[in-house]
$ cat structure06.cif   # mmCIF, C-alpha atoms
data_protein
#
loop_
_atom_site.label_atom_id
_atom_site.label_comp_id
_atom_site.auth_asym_id
_atom_site.auth_seq_id
_atom_site.Cartn_x
_atom_site.Cartn_y
_atom_site.Cartn_z
CA MET X 1 93.23 91.57 134.30
CA ASN X 2 96.87 92.37 134.79
CA GLY X 3 99.12 94.67 132.80
CA ARG X 4 101.26 92.06 131.13
CA ALA X 5 101.74 91.44 127.45
CA GLY X 6 98.78 92.49 125.36
CA ALA X 7 99.47 89.58 123.03
CA GLU X 8 98.24 87.33 125.81
CA LEU X 9 95.13 89.45 126.18
CA THR X 10 94.17 89.40 122.52
CA GLN X 11 94.36 85.62 122.54
CA ASP X 12 92.49 85.19 125.84
CA LYS X 13 90.44 81.97 125.77
CA THR X 14 89.20 82.12 129.32
CA GLY X 15 85.76 81.01 130.33
CA PRO X 16 83.45 78.16 129.45
CA GLU X 17 82.43 77.14 125.98
CA PRO X 18 79.87 79.41 124.26
CA VAL X 19 76.16 78.96 124.57
CA GLY X 20 74.87 76.82 121.72
CA GLY X 21 76.81 74.78 119.20
CA LEU X 22 77.64 76.88 116.16
CA ARG X 23 79.14 74.93 113.30
CA GLY X 24 82.75 75.93 112.73
CA SER X 25 83.37 77.06 116.28
CA ASN X 26 85.42 73.96 117.06
CA GLN X 27 86.07 72.41 113.66
CA SER X 28 89.60 71.90 112.42
CA GLY X 29 91.28 70.82 109.20
CA MET X 30 90.35 71.25 105.56
CA ARG X 31 86.59 71.70 105.94
CA ALA X 32 86.82 74.48 108.51
CA HIS X 33 89.50 76.31 106.55
CA ASN X 34 87.63 76.27 103.25
CA GLU X 35 84.35 77.22 104.93
CA ARG X 36 86.11 80.27 106.36
CA LEU X 37 87.44 81.05 102.91
CA VAL X 38 83.91 81.05 101.48
CA LEU X 39 82.55 83.17 104.33
CA SER X 40 85.43 85.64 103.96
CA LEU X 41 84.82 86.01 100.23
CA LEU X 42 81.11 86.64 100.79
CA ARG X 43 81.86 89.23 103.44
CA GLN X 44 84.31 90.99 101.16
CA HIS X 45 82.36 90.87 97.90
CA GLY X 46 78.72 90.52 98.96
CA ALA X 47 76.19 88.18 97.37
CA MET X 48 77.67 85.86 94.73
CA ALA X 49 76.73 82.77 92.78
CA LYS X 50 78.56 79.51 93.41
CA THR X 51 80.39 79.78 90.09
CA ASP X 52 81.83 83.16 91.08
CA ILE X 53 82.92 81.84 94.48
CA ALA X 54 84.58 78.86 92.81
CA ARG X 55 86.46 81.18 90.46
CA LEU X 56 87.66 83.50 93.24
CA SER X 57 88.55 80.71 95.67
CA GLY X 58 90.19 78.32 93.20
CA LEU X 59 88.10 75.49 94.61
CA SER X 60 86.16 73.15 92.34
CA ALA X 61 82.49 73.77 91.68
CA GLN X 62 81.65 70.48 93.37
CA THR X 63 83.60 71.42 96.52
CA ILE X 64 81.95 74.82 96.65
CA SER X 65 78.51 73.21 96.32
CA VAL X 66 79.21 70.87 99.24
CA ILE X 67 80.55 73.68 101.43
CA MET X 68 77.76 76.11 100.66
CA ARG X 69 75.07 73.49 101.12
CA ALA X 70 76.40 72.78 104.61
CA LEU X 71 76.72 76.48 105.47
CA GLU X 72 73.19 77.13 104.27
CA GLN X 73 71.80 74.22 106.27
CA ASP X 74 73.56 75.53 109.36
CA GLY X 75 72.00 78.96 108.90
CA PHE X 76 75.06 80.97 107.86
CA LEU X 77 73.99 81.66 104.27
CA ALA X 78 70.85 83.15 102.73
CA ARG X 79 69.61 82.29 99.25
CA GLY X 80 68.76 85.15 96.89
CA GLU X 81 66.39 85.35 93.95
CA PRO X 82 67.46 83.35 90.88
CA GLN X 83 69.13 85.52 88.23
CA ARG X 84 67.83 84.64 84.77
CA GLY X 85 68.93 85.74 81.32
CA ARG X 86 71.85 83.41 80.72
CA ILE X 87 72.07 80.05 79.03
CA GLY X 88 71.48 77.13 81.37
CA GLN X 89 70.13 77.02 84.89
CA PRO X 90 69.37 80.36 86.62
CA SER X 91 72.18 81.64 88.82
CA VAL X 92 71.27 81.86 92.51
CA PRO X 93 73.27 84.44 94.50
CA MET X 94 74.18 83.47 98.05
CA SER X 95 74.98 85.90 100.83
CA LEU X 96 75.74 85.89 104.53
CA ASN X 97 72.68 85.41 106.70
CA ALA X 98 72.41 88.19 109.27
CA ALA X 99 70.89 85.73 111.77
CA GLY X 100 73.64 83.17 111.26
CA ALA X 101 75.58 84.26 114.34
CA TYR X 102 75.71 87.10 116.85
CA PHE X 103 78.56 88.67 118.80
CA LEU X 104 78.97 91.01 121.73
CA GLY X 105 81.37 93.92 121.89
CA LEU X 106 82.19 95.73 125.13
CA LYS X 107 83.97 99.07 125.00
CA ILE X 108 85.48 100.14 128.31
CA GLY X 109 86.39 103.79 127.96
CA ARG X 110 87.69 106.31 130.43
CA ARG X 111 84.31 108.07 130.62
CA SER X 112 81.77 105.53 129.40
CA ALA X 113 81.16 101.86 128.61
CA ASP X 114 79.12 100.47 125.72
CA LEU X 115 77.89 96.91 125.37
CA THR X 116 76.80 96.20 121.79
CA LEU X 117 75.19 93.16 120.17
CA ILE X 118 75.78 92.70 116.44
CA ASP X 119 74.58 90.17 113.90
CA PHE X 120 76.63 88.19 111.36
CA LEU X 121 76.69 91.17 108.98
CA GLY X 122 78.00 93.52 111.63
CA GLN X 123 74.67 95.31 111.98
CA VAL X 124 73.89 96.60 115.47
CA VAL X 125 71.00 94.77 117.13
CA GLY X 126 71.16 96.85 120.29
CA THR X 127 73.48 98.86 122.55
CA ARG X 128 73.52 99.76 126.22
CA ARG X 129 75.67 102.65 127.52
CA TRP X 130 76.86 103.64 130.96
CA ILE X 131 78.56 106.96 131.70
CA TYR X 132 80.83 107.27 134.73
CA ARG X 133 83.47 109.56 136.22
CA TYR X 134 86.16 106.90 135.86
CA PRO X 135 86.07 103.12 135.28
CA THR X 136 86.56 100.47 137.94
CA PRO X 137 86.34 96.68 137.54
CA ASP X 138 83.34 96.48 139.87
CA GLN X 139 81.45 99.09 137.83
CA VAL X 140 82.13 97.25 134.58
CA VAL X 141 81.09 93.88 136.00
CA ARG X 142 77.88 95.35 137.37
CA PHE X 143 77.13 97.09 134.08
CA VAL X 144 77.55 93.91 132.02
CA THR X 145 75.56 91.86 134.53
CA GLU X 146 72.62 94.25 134.17
CA ALA X 147 72.90 95.08 130.45
CA LEU X 148 73.57 91.62 129.00
CA PRO X 149 70.13 90.07 129.72
CA ALA X 150 68.40 93.13 128.26
CA LEU X 151 70.43 92.87 125.05
CA LEU X 152 69.92 89.13 124.66
CA SER X 153 66.18 89.60 125.16
CA LEU X 154 66.16 91.46 121.83
CA LEU X 155 66.78 88.12 120.12
CA PRO X 156 64.30 85.27 119.73
CA PRO X 157 65.08 82.46 122.23
CA ALA X 158 66.54 80.20 119.54
CA ALA X 159 68.83 82.97 118.26
CA ARG X 160 70.36 83.45 121.71
CA GLU X 161 71.98 80.07 121.23
CA ARG X 162 73.91 81.56 118.31
CA VAL X 163 75.83 84.22 120.23
CA GLY X 164 79.40 83.22 119.51
CA GLY X 165 81.50 85.24 121.93
CA MET X 166 82.33 88.61 123.48
CA GLY X 167 85.19 90.93 122.65
CA ILE X 168 86.40 93.67 124.98
CA ALA X 169 88.04 96.87 123.74
CA MET X 170 89.78 98.77 126.50
CA PRO X 171 92.87 100.89 127.10
CA PHE X 172 95.83 98.91 128.38
CA GLN X 173 97.28 99.93 131.76
CA LEU X 174 94.29 101.99 132.85
CA TRP X 175 95.98 102.64 136.19
CA ALA X 176 98.78 104.63 134.51
CA TRP X 177 96.61 107.63 133.52
CA ILE X 178 95.11 108.82 136.80
CA ASP X 179 96.57 112.33 136.46
CA HIS X 180 94.54 112.86 133.30
CA ILE X 181 91.27 111.27 134.38
CA HIS X 182 91.45 112.45 138.01
CA ALA X 183 90.72 109.04 139.53
CA PRO X 184 91.86 107.64 142.91
CA GLN X 185 95.01 105.56 142.50
CA ASP X 186 93.81 102.80 144.85
CA GLU X 187 90.64 102.24 142.82
CA MET X 188 92.43 102.29 139.48
CA ASP X 189 95.11 99.93 140.82
CA GLN X 190 92.44 97.22 140.88
CA TRP X 191 92.93 96.92 137.11
CA ARG X 192 96.43 95.57 137.79
CA THR X 193 95.21 92.39 139.44
CA ARG X 194 91.60 91.79 138.41
CA ASP X 195 91.13 89.38 135.50
CA ILE X 196 88.20 91.18 133.92
CA GLY X 197 88.18 88.76 130.99
CA ALA X 198 87.68 85.73 133.21
CA GLU X 199 85.05 87.47 135.33
CA LEU X 200 82.97 88.50 132.34
CA ALA X 201 83.39 85.10 130.67
CA ALA X 202 81.88 83.51 133.77
CA ILE X 203 78.96 85.95 133.73
CA ALA X 204 78.28 85.69 129.98
CA ARG X 205 79.07 81.96 129.78
CA MET X 206 81.01 82.39 126.55
CA PRO X 207 84.62 83.00 125.47
CA VAL X 208 85.95 86.51 125.99
CA THR X 209 88.83 88.20 124.17
CA ILE X 210 90.51 91.49 125.08
CA GLN X 211 92.10 93.99 122.71
CA ASN X 212 93.44 97.51 122.98
CA ASP X 213 90.56 99.91 122.35
CA ALA X 214 92.09 101.94 119.51
CA THR X 215 93.40 98.76 117.89
CA ALA X 216 89.87 97.37 118.05
CA ALA X 217 88.50 100.52 116.41
CA CYS X 218 90.99 100.05 113.59
CA GLY X 219 89.87 96.43 113.32
CA ALA X 220 86.28 97.60 112.91
CA GLU X 221 87.35 99.70 109.95
CA LEU X 222 89.10 96.67 108.50
CA VAL X 223 86.14 94.27 108.92
CA PHE X 224 83.10 96.55 108.67
CA GLY X 225 84.43 99.62 106.85
CA LYS X 226 82.47 100.95 103.90
CA GLY X 227 83.61 101.94 100.45
CA ASP X 228 87.02 101.51 98.87
CA ARG X 229 89.35 100.54 101.71
CA PRO X 230 93.12 100.65 101.15
CA SER X 231 95.14 97.52 101.90
CA ASP X 232 97.57 99.56 104.03
CA PHE X 233 96.65 102.49 106.27
CA LEU X 234 97.51 104.25 109.50
CA TYR X 235 94.46 104.87 111.67
CA PHE X 236 93.78 107.53 114.31
CA TYR X 237 90.84 107.32 116.70
CA PHE X 238 89.77 110.24 118.89
CA GLY X 239 88.55 109.13 122.31
CA TYR X 240 89.34 110.58 125.73
CA PHE X 241 92.92 110.10 124.54
CA ILE X 242 93.87 109.69 120.92
CA GLY X 243 94.86 106.17 119.90
CA GLY X 244 95.64 104.39 116.70
CA GLY X 245 96.09 101.25 114.69
CA LEU X 246 98.01 100.04 111.67
CA VAL X 247 96.84 97.84 108.79
CA LEU X 248 99.44 96.29 106.49
CA ASN X 249 98.46 94.07 103.57
CA ASN X 250 94.86 93.91 104.83
CA ARG X 251 96.02 92.66 108.23
CA LEU X 252 95.72 94.42 111.56
CA PHE X 253 99.27 94.77 112.87
CA THR X 254 99.18 94.59 116.66
CA GLY X 255 102.84 94.01 117.53
CA LYS X 256 104.22 91.71 120.20
CA THR X 257 102.29 93.34 123.07
CA GLY X 258 99.09 94.15 121.17
CA ASN X 259 99.72 97.89 121.37
CA ALA X 260 101.44 98.63 118.04
CA ALA X 261 100.60 102.01 116.51
CA GLY X 262 99.50 103.31 119.91
CA VAL X 263 100.08 106.82 118.63
CA GLY X 264 99.24 108.76 121.79
CA PRO X 265 102.80 108.91 123.18
CA MET X 266 104.35 109.92 119.82
CA PRO X 267 106.58 113.00 120.28
CA VAL X 268 105.39 116.07 118.34
CA PRO X 269 106.15 119.79 118.60
CA GLY X 270 103.83 121.67 120.93
CA PRO X 271 102.50 125.22 120.49
CA ASP X 272 105.63 126.60 122.21
CA GLY X 273 107.97 124.59 120.00
CA ARG X 274 108.89 122.14 122.74
CA MET X 275 108.35 118.44 122.17
CA THR X 276 105.30 116.92 123.79
CA ARG X 277 103.17 113.81 123.32
CA LEU X 278 100.50 113.69 120.65
CA LEU X 279 97.84 112.87 123.26
CA GLU X 280 98.55 116.23 124.95
CA LEU X 281 97.36 118.01 121.80
CA ALA X 282 94.98 115.74 119.93
CA SER X 283 92.66 114.20 122.52
CA MET X 284 89.09 114.86 123.52
CA TYR X 285 90.07 115.60 127.10
CA ARG X 286 91.80 118.70 125.72
CA LEU X 287 88.51 119.83 124.19
CA ALA X 288 86.73 119.12 127.48
CA GLU X 289 89.27 121.26 129.35
CA ALA X 290 88.80 124.12 126.89
CA MET X 291 85.02 123.88 127.27
CA ASP X 292 85.28 123.91 131.06
CA ALA X 293 87.51 127.00 130.92
CA ALA X 294 84.92 128.72 128.73
CA GLY X 295 82.09 127.79 131.09
CA GLU X 296 80.60 125.23 128.72
CA TYR X 297 79.12 121.85 129.67
CA SER X 298 81.87 119.37 128.74
CA ALA X 299 80.16 116.29 130.20
CA ALA X 300 77.88 116.26 127.16
CA LEU X 301 80.83 115.12 125.04
CA TRP X 302 80.67 111.66 126.61
CA GLU X 303 76.87 111.45 126.54
CA GLU X 304 76.13 111.95 122.85
CA PRO X 305 78.87 111.54 120.22
CA ASP X 306 76.63 112.44 117.28
CA TYR X 307 75.87 115.97 118.44
CA TRP X 308 78.22 118.30 120.31
CA ARG X 309 77.11 121.48 122.02
CA VAL X 310 80.37 123.39 121.84
CA SER X 311 81.00 126.98 120.79
CA SER X 312 82.63 127.56 117.41
CA GLY X 313 85.62 129.36 118.95
CA VAL X 314 86.47 126.54 121.36
CA LEU X 315 85.96 123.92 118.67
CA ARG X 316 88.10 125.80 116.15
CA GLY X 317 90.98 126.14 118.60
CA TRP X 318 90.88 122.43 119.41
CA LEU X 319 90.70 121.43 115.74
CA GLU X 320 93.73 123.53 114.86
CA GLU X 321 95.80 122.30 117.80
CA SER X 322 94.87 118.67 117.13
CA ALA X 323 95.53 118.94 113.39
CA THR X 324 98.97 120.42 113.98
CA GLY X 325 99.92 117.52 116.23
CA LEU X 326 98.43 114.94 113.86
CA ALA X 327 100.31 116.39 110.89
CA SER X 328 103.67 115.98 112.65
CA ALA X 329 102.82 112.44 113.71
CA ILE X 330 101.72 111.55 110.17
CA LEU X 331 104.93 112.94 108.70
CA SER X 332 107.02 110.86 111.08
CA ALA X 333 105.02 107.73 110.24
CA ALA X 334 105.22 108.38 106.51
CA THR X 335 109.00 108.60 106.59
CA LEU X 336 109.22 105.33 108.50
CA ILE X 337 106.83 103.02 106.66
CA GLU X 338 105.87 104.99 103.53
CA ILE X 339 102.20 104.71 104.35
CA ASP X 340 100.06 106.15 101.58
CA THR X 341 96.73 106.49 103.42
CA VAL X 342 95.72 107.83 106.82
CA MET X 343 92.21 107.42 108.22
CA ILE X 344 90.79 109.55 111.03
CA ASP X 345 87.74 108.59 113.08
CA GLY X 346 86.50 109.06 116.59
CA TRP X 347 83.82 109.68 119.18
CA MET X 348 82.61 112.74 117.30
CA PRO X 349 79.94 113.98 114.89
CA ARG X 350 80.50 113.44 111.18
CA ASP X 351 80.87 117.14 110.43
CA VAL X 352 83.56 117.49 113.08
CA ARG X 353 85.36 114.46 111.67
CA ALA X 354 85.28 116.04 108.22
CA MET X 355 86.68 119.28 109.62
CA MET X 356 89.45 117.38 111.40
CA VAL X 357 90.46 115.69 108.15
CA ALA X 358 90.47 118.99 106.27
CA GLU X 359 92.48 120.79 108.97
CA THR X 360 95.00 117.95 109.24
CA THR X 361 95.49 117.87 105.47
CA LYS X 362 96.23 121.60 105.46
CA ALA X 363 98.56 121.29 108.44
CA LEU X 364 100.48 118.43 106.82
CA HIS X 365 101.08 120.41 103.63
CA ARG X 366 102.42 123.33 105.65
CA LEU X 367 105.31 121.11 106.78
CA ASP X 368 108.52 120.49 104.88
CA LEU X 369 107.67 117.42 102.81
CA SER X 370 110.95 117.23 100.91
CA GLY X 371 111.75 113.59 100.17
CA VAL X 372 108.37 112.42 101.45
CA THR X 373 105.27 111.44 99.50
CA PRO X 374 102.45 112.82 101.66
CA PRO X 375 99.73 110.27 102.36
CA LEU X 376 96.10 110.83 101.53
CA ILE X 377 94.14 111.70 104.67
CA ARG X 378 90.61 110.28 104.71
CA GLU X 379 87.68 109.98 107.08
CA GLY X 380 87.04 106.68 108.79
CA THR X 381 83.70 105.10 107.94
CA VAL X 382 82.58 103.38 111.14
CA GLY X 383 82.24 106.32 113.51
CA PRO X 384 81.77 106.55 117.29
CA ALA X 385 80.82 102.87 117.66
CA ALA X 386 84.12 101.68 116.19
CA ARG X 387 85.59 100.45 119.48
CA ALA X 388 82.56 98.36 120.46
CA LEU X 389 82.13 97.04 116.91
CA GLY X 390 85.83 96.25 116.71
CA ALA X 391 85.58 94.33 119.96
CA ALA X 392 82.70 92.27 118.56
CA ALA X 393 84.68 91.71 115.35
CA VAL X 394 87.39 89.82 117.26
CA PRO X 395 85.34 86.67 118.05
CA LEU X 396 83.64 86.92 114.65
CA SER X 397 87.00 86.92 112.89
CA GLN X 398 88.49 84.22 115.07
CA ARG X 399 85.60 81.84 114.40
CA TYR X 400 84.45 82.55 110.87
CA LEU X 401 86.92 84.57 108.83
CA LEU X 402 90.24 83.71 107.26
CA ASP X 403 93.46 85.53 108.02
CA PRO X 404 94.68 87.04 104.73
CA ALA X 405 98.12 85.65 105.50
CA SER X 406 96.74 82.09 105.43
CA SER X 407 94.20 82.46 102.64
CA GLN X 408 95.67 79.67 100.57
CA ILE X 409 93.28 76.87 99.65
CA GLU X 410 93.42 73.58 101.50
CA VAL X 411 92.64 70.57 99.31
#

$ encode --input "structure06.cif" --output "structure tokens"
Amino acid sequence: MNGRAGAELTQDKTGPEPVGGLRGSNQSGMRAHNERLVLSLLRQHGAMAKTDIARLSGLSAQTISVIMRALEQDGFLARGEPQRGRIGQPSVPMSLNAAGAYFLGLKIGRRSADLTLIDFLGQVVGTRRWIYRYPTPDQVVRFVTEALPALLSLLPPAARERVGGMGIAMPFQLWAWIDHIHAPQDEMDQWRTRDIGAELAAIARMPVTIQNDATAACGAELVFGKGDRPSDFLYFYFGYFIGGGLVLNNRLFTGKTGNAAGVGPMPVPGPDGRMTRLLELASMYRLAEAMDAAGEYSAALWEEPDYWRVSSGVLRGWLEESATGLASAILSAATLIEIDTVMIDGWMPRDVRAMMVAETTKALHRLDLSGVTPPLIREGTVGPAARALGAAAVPLSQRYLLDPASSQIEV
């Protein structure tokens, strides 16, 4: 992979055609569009009867019947129990079939890599993790070569033919951050010239797409997020560095290079009043440094995101410093795009995430908010796996979901 425009990376179509022959993977025209519309409605609303889908889609009942019959025959839909109690024939709810398709998501982080297999509902079938000092292309290729067969073996042989693609979530320009991750420049420079997408597509024998890691995490919130999700929100994800994403009108806004809302370099006031970058305050590497200075075992941060062994004093100092930086960044963003919701997630336990949200809310309201409507700050709902799940969501969305901007009906 080279360091050129991220827009090219997010649209990467390298590699041979996928294993198997999933319906819709290469269809075009009216049928494919309206099938995606039905699948998108079912993903958004859950199980529904054909009459409800016809009402929401604007398509005729006859058209919906034809589409759903084909989707059911091809294994993408599951039939529920008939709902009685109304006049006429019982209503039969239809939902997405978890075994309809599978997708792989690879997170390449600065301290660890995760390869995750999900089903059509976004449920995790299995995950393999590798922890390293710093990432190199050879390490990643070896990891995927070893982990992929083990993951696919979790599926029945016939289901392996329904794996529809692999997404990769990784930081762009990995070679530019050697001072922070303490990696040899010559080894990290390999990321400039290696086409990791093409190499992994050849190994996996399926299409591979690449997306910025924090953008992918934001995409996971958009596709797999739970509860009442706002149509517009700014998203922060805590990894080794802090990153972000932006959703506008239910669409992930990636910008012309694929790195829009990459919040790490945002200028914010530091503890001494001088301007610094947000990533210098609100990143997990800062917590690791504080733990090392206190004689605590910081490597555990990268091993287990659901449970941190960190002293309360070190954690409190990091939370306050991070929240102060986040509050300034949020204020700047709110004045620019009038965002009304901010979501915070990361490679961290739920209780720490909740504390980060609470501290950031307090820090924001300590600032001068004259002329600004402060956004609501909420917890993300996906958690540590957001980057890998977001990577897997890219091929899922490309093949089976409809872009909200093109959700008009084709007749």

$ residues_around --input "structure06.cif" --residues "stretch 59-69 of chain X" --least-positions-apart "2" --cutoff "9 Å" --atoms "all atoms listed in the file" --output "list in words"
Arg31, Asn34, Glu35, Val38, Lys50, Thr51, Ile53, Ala54, Arg55, Leu56, Ser57, Leu71, Glu72, Gln73, Asp74, Leu77, Met94, Ile409, Glu410 and Val411 of chain X

$ axis_aligned_box --input "structure06.cif" --around "stretch 356-366 of chain X" --padding-each-side "5 Å" --output "lines of an AutoDock Vina configuration file"
center_x = 95.9
center_y = 119.5
center_z = 107.5
size_x = 23.0
size_y = 17.6
size_z = 17.8

$ resolve_selection --input "structure06.cif" --expression "the PyMOL selection byres ((chain X and resi 302) around 8)" --output "list of chain:residue names"
X:Arg111, X:Ser112, X:Ile131, X:Ala299, X:Ala300, X:Leu301, X:Glu303, X:Glu304, X:Pro305

$ write_last_selection --input "structure06.cif" --atoms "C-alpha atoms" --output "PDB file, keeping the file's coordinate frame"
ATOM      1  CA  ARG X 111      84.310 108.070 130.620  1.00  0.00           C
ATOM      2  CA  SER X 112      81.770 105.530 129.400  1.00  0.00           C
ATOM      3  CA  ILE X 131      78.560 106.960 131.700  1.00  0.00           C
ATOM      4  CA  ALA X 299      80.160 116.290 130.200  1.00  0.00           C
ATOM      5  CA  ALA X 300      77.880 116.260 127.160  1.00  0.00           C
ATOM      6  CA  LEU X 301      80.830 115.120 125.040  1.00  0.00           C
ATOM      7  CA  GLU X 303      76.870 111.450 126.540  1.00  0.00           C
ATOM      8  CA  GLU X 304      76.130 111.950 122.850  1.00  0.00           C
ATOM      9  CA  PRO X 305      78.870 111.540 120.220  1.00  0.00           C
TER      10      PRO X 305
END

$ residues_around --input "structure06.cif" --residues "X:Phe236" --least-positions-apart "2" --cutoff "10 Å" --atoms "all atoms listed in the file" --output "PDB file with C-alpha atoms, in the coordinates of the input"
ATOM      1  CA  ALA X 214      92.090 101.940 119.510  1.00  0.00           C
ATOM      2  CA  THR X 215      93.400  98.760 117.890  1.00  0.00           C
ATOM      3  CA  ALA X 217      88.500 100.520 116.410  1.00  0.00           C
ATOM      4  CA  CYS X 218      90.990 100.050 113.590  1.00  0.00           C
ATOM      5  CA  PHE X 233      96.650 102.490 106.270  1.00  0.00           C
ATOM      6  CA  LEU X 234      97.510 104.250 109.500  1.00  0.00           C
ATOM      7  CA  PHE X 238      89.770 110.240 118.890  1.00  0.00           C
ATOM      8  CA  GLY X 239      88.550 109.130 122.310  1.00  0.00           C
ATOM      9  CA  ILE X 242      93.870 109.690 120.920  1.00  0.00           C
ATOM     10  CA  GLY X 243      94.860 106.170 119.900  1.00  0.00           C
ATOM     11  CA  GLY X 244      95.640 104.390 116.700  1.00  0.00           C
ATOM     12  CA  GLY X 245      96.090 101.250 114.690  1.00  0.00           C
ATOM     13  CA  LEU X 246      98.010 100.040 111.670  1.00  0.00           C
ATOM     14  CA  ALA X 261     100.600 102.010 116.510  1.00  0.00           C
ATOM     15  CA  GLY X 262      99.500 103.310 119.910  1.00  0.00           C
ATOM     16  CA  VAL X 263     100.080 106.820 118.630  1.00  0.00           C
ATOM     17  CA  GLY X 264      99.240 108.760 121.790  1.00  0.00           C
ATOM     18  CA  LEU X 326      98.430 114.940 113.860  1.00  0.00           C
ATOM     19  CA  ILE X 330     101.720 111.550 110.170  1.00  0.00           C
ATOM     20  CA  VAL X 342      95.720 107.830 106.820  1.00  0.00           C
ATOM     21  CA  MET X 343      92.210 107.420 108.220  1.00  0.00           C
ATOM     22  CA  ILE X 344      90.790 109.550 111.030  1.00  0.00           C
ATOM     23  CA  ASP X 345      87.740 108.590 113.080  1.00  0.00           C
ATOM     24  CA  GLY X 346      86.500 109.060 116.590  1.00  0.00           C
ATOM     25  CA  GLU X 379      87.680 109.980 107.080  1.00  0.00           C
ATOM     26  CA  GLY X 380      87.040 106.680 108.790  1.00  0.00           C
TER      27      GLY X 380
END

$ closest_residue --input "structure06.cif" --among "X:Gly122, X:Ala391, X:Trp347, X:His180" --to "X:Lys226" --atoms "all atoms listed in the file"
X:Gly122

$ residues_around --input "structure06.cif" --residues "X:Gly80" --least-positions-apart "4" --cutoff "8 Å" --atoms "only C-alpha atoms" --output "NGL selection string"
:X and (92-95)

$ write_last_selection --input "structure06.cif" --atoms "C-alpha atoms" --output "PDB file, in the coordinates of the input"
ATOM      1  CA  VAL X  92      71.270  81.860  92.510  1.00  0.00           C
ATOM      2  CA  PRO X  93      73.270  84.440  94.500  1.00  0.00           C
ATOM      3  CA  MET X  94      74.180  83.470  98.050  1.00  0.00           C
ATOM      4  CA  SER X  95      74.980  85.900 100.830  1.00  0.00           C
TER       5      SER X  95
END

$ residues_around --input "structure06.cif" --residues "X:Ala220" --least-positions-apart "4" --cutoff "6 Å" --atoms "all atoms listed in the file" --output "list in words"
Phe224, Ala386, Leu389 and Gly390 of chain X

$ atom_distance --input "structure06.cif" --atom1 "atom CA of X:Leu152" --atom2 "atom CA of X:Gly109"
22.3 Å

$ atom_distance --input "structure06.cif" --atom1 "atom CA of X:Arg229" --atom2 "atom CA of X:His365"
23.2 Å

$ closest_residue --input "structure06.cif" --among "X:Gln185, X:Asn97, X:Thr373, X:Thr341" --to "X:Asp228" --atoms "only C-alpha atoms"
X:Thr341

$ residues_around --input "structure06.cif" --residues "stretch 281-283 of chain X" --least-positions-apart "2" --cutoff "7 Å" --atoms "all atoms listed in the file" --output "PDB file with C-alpha atoms, in the frame of the given file"
ATOM      1  CA  PHE X 238      89.770 110.240 118.890  1.00  0.00           C
ATOM      2  CA  GLY X 239      88.550 109.130 122.310  1.00  0.00           C
ATOM      3  CA  TYR X 240      89.340 110.580 125.730  1.00  0.00           C
ATOM      4  CA  PHE X 241      92.920 110.100 124.540  1.00  0.00           C
ATOM      5  CA  ILE X 242      93.870 109.690 120.920  1.00  0.00           C
ATOM      6  CA  LEU X 278     100.500 113.690 120.650  1.00  0.00           C
ATOM      7  CA  LEU X 279      97.840 112.870 123.260  1.00  0.00           C
ATOM      8  CA  TYR X 285      90.070 115.600 127.100  1.00  0.00           C
ATOM      9  CA  ARG X 286      91.800 118.700 125.720  1.00  0.00           C
ATOM     10  CA  GLU X 321      95.800 122.300 117.800  1.00  0.00           C
ATOM     11  CA  SER X 322      94.870 118.670 117.130  1.00  0.00           C
ATOM     12  CA  GLY X 325      99.920 117.520 116.230  1.00  0.00           C
TER      13      GLY X 325
END

$ atom_distance --input "structure06.cif" --atom1 "atom CA of X:Ser332" --atom2 "atom CA of X:Thr360"
14.1 Å

$ residues_near_point --input "structure06.cif" --point "(103.5, 115.3, 113.1)" --cutoff "10 Å" --atoms "all atoms listed in the file" --output "list in words"
Met266, Pro267, Val268, Pro269, Leu278, Ala323, Thr324, Gly325, Leu326, Ala327, Ser328, Ala329, Ile330, Leu331, Ser332, Ala333, Ala334, Thr360, Ala363, Leu364 and Leu367 of chain X

$ closest_residue --input "structure06.cif" --among "X:Leu39, X:Leu200, X:Val163, X:Met284" --to "X:Leu106" --atoms "only C-alpha atoms"
X:Leu200

$ closest_residue --input "structure06.cif" --among "X:Leu248, X:Leu42, X:Ala98, X:Leu319" --to "X:Glu359" --atoms "all atoms listed in the file"
X:Leu319

$ closest_residue --input "structure06.cif" --among "X:Ser153, X:Thr257, X:Ser231, X:Thr381" --to "X:Gly126" --atoms "only C-alpha atoms"
X:Ser153

$ resolve_selection --input "structure06.cif" --expression "the PyMOL selection byres ((chain X and resi 187) around 10)" --output "VMD selection string"
chain X and resid 134 to 138 175 178 183 to 186 188 to 191
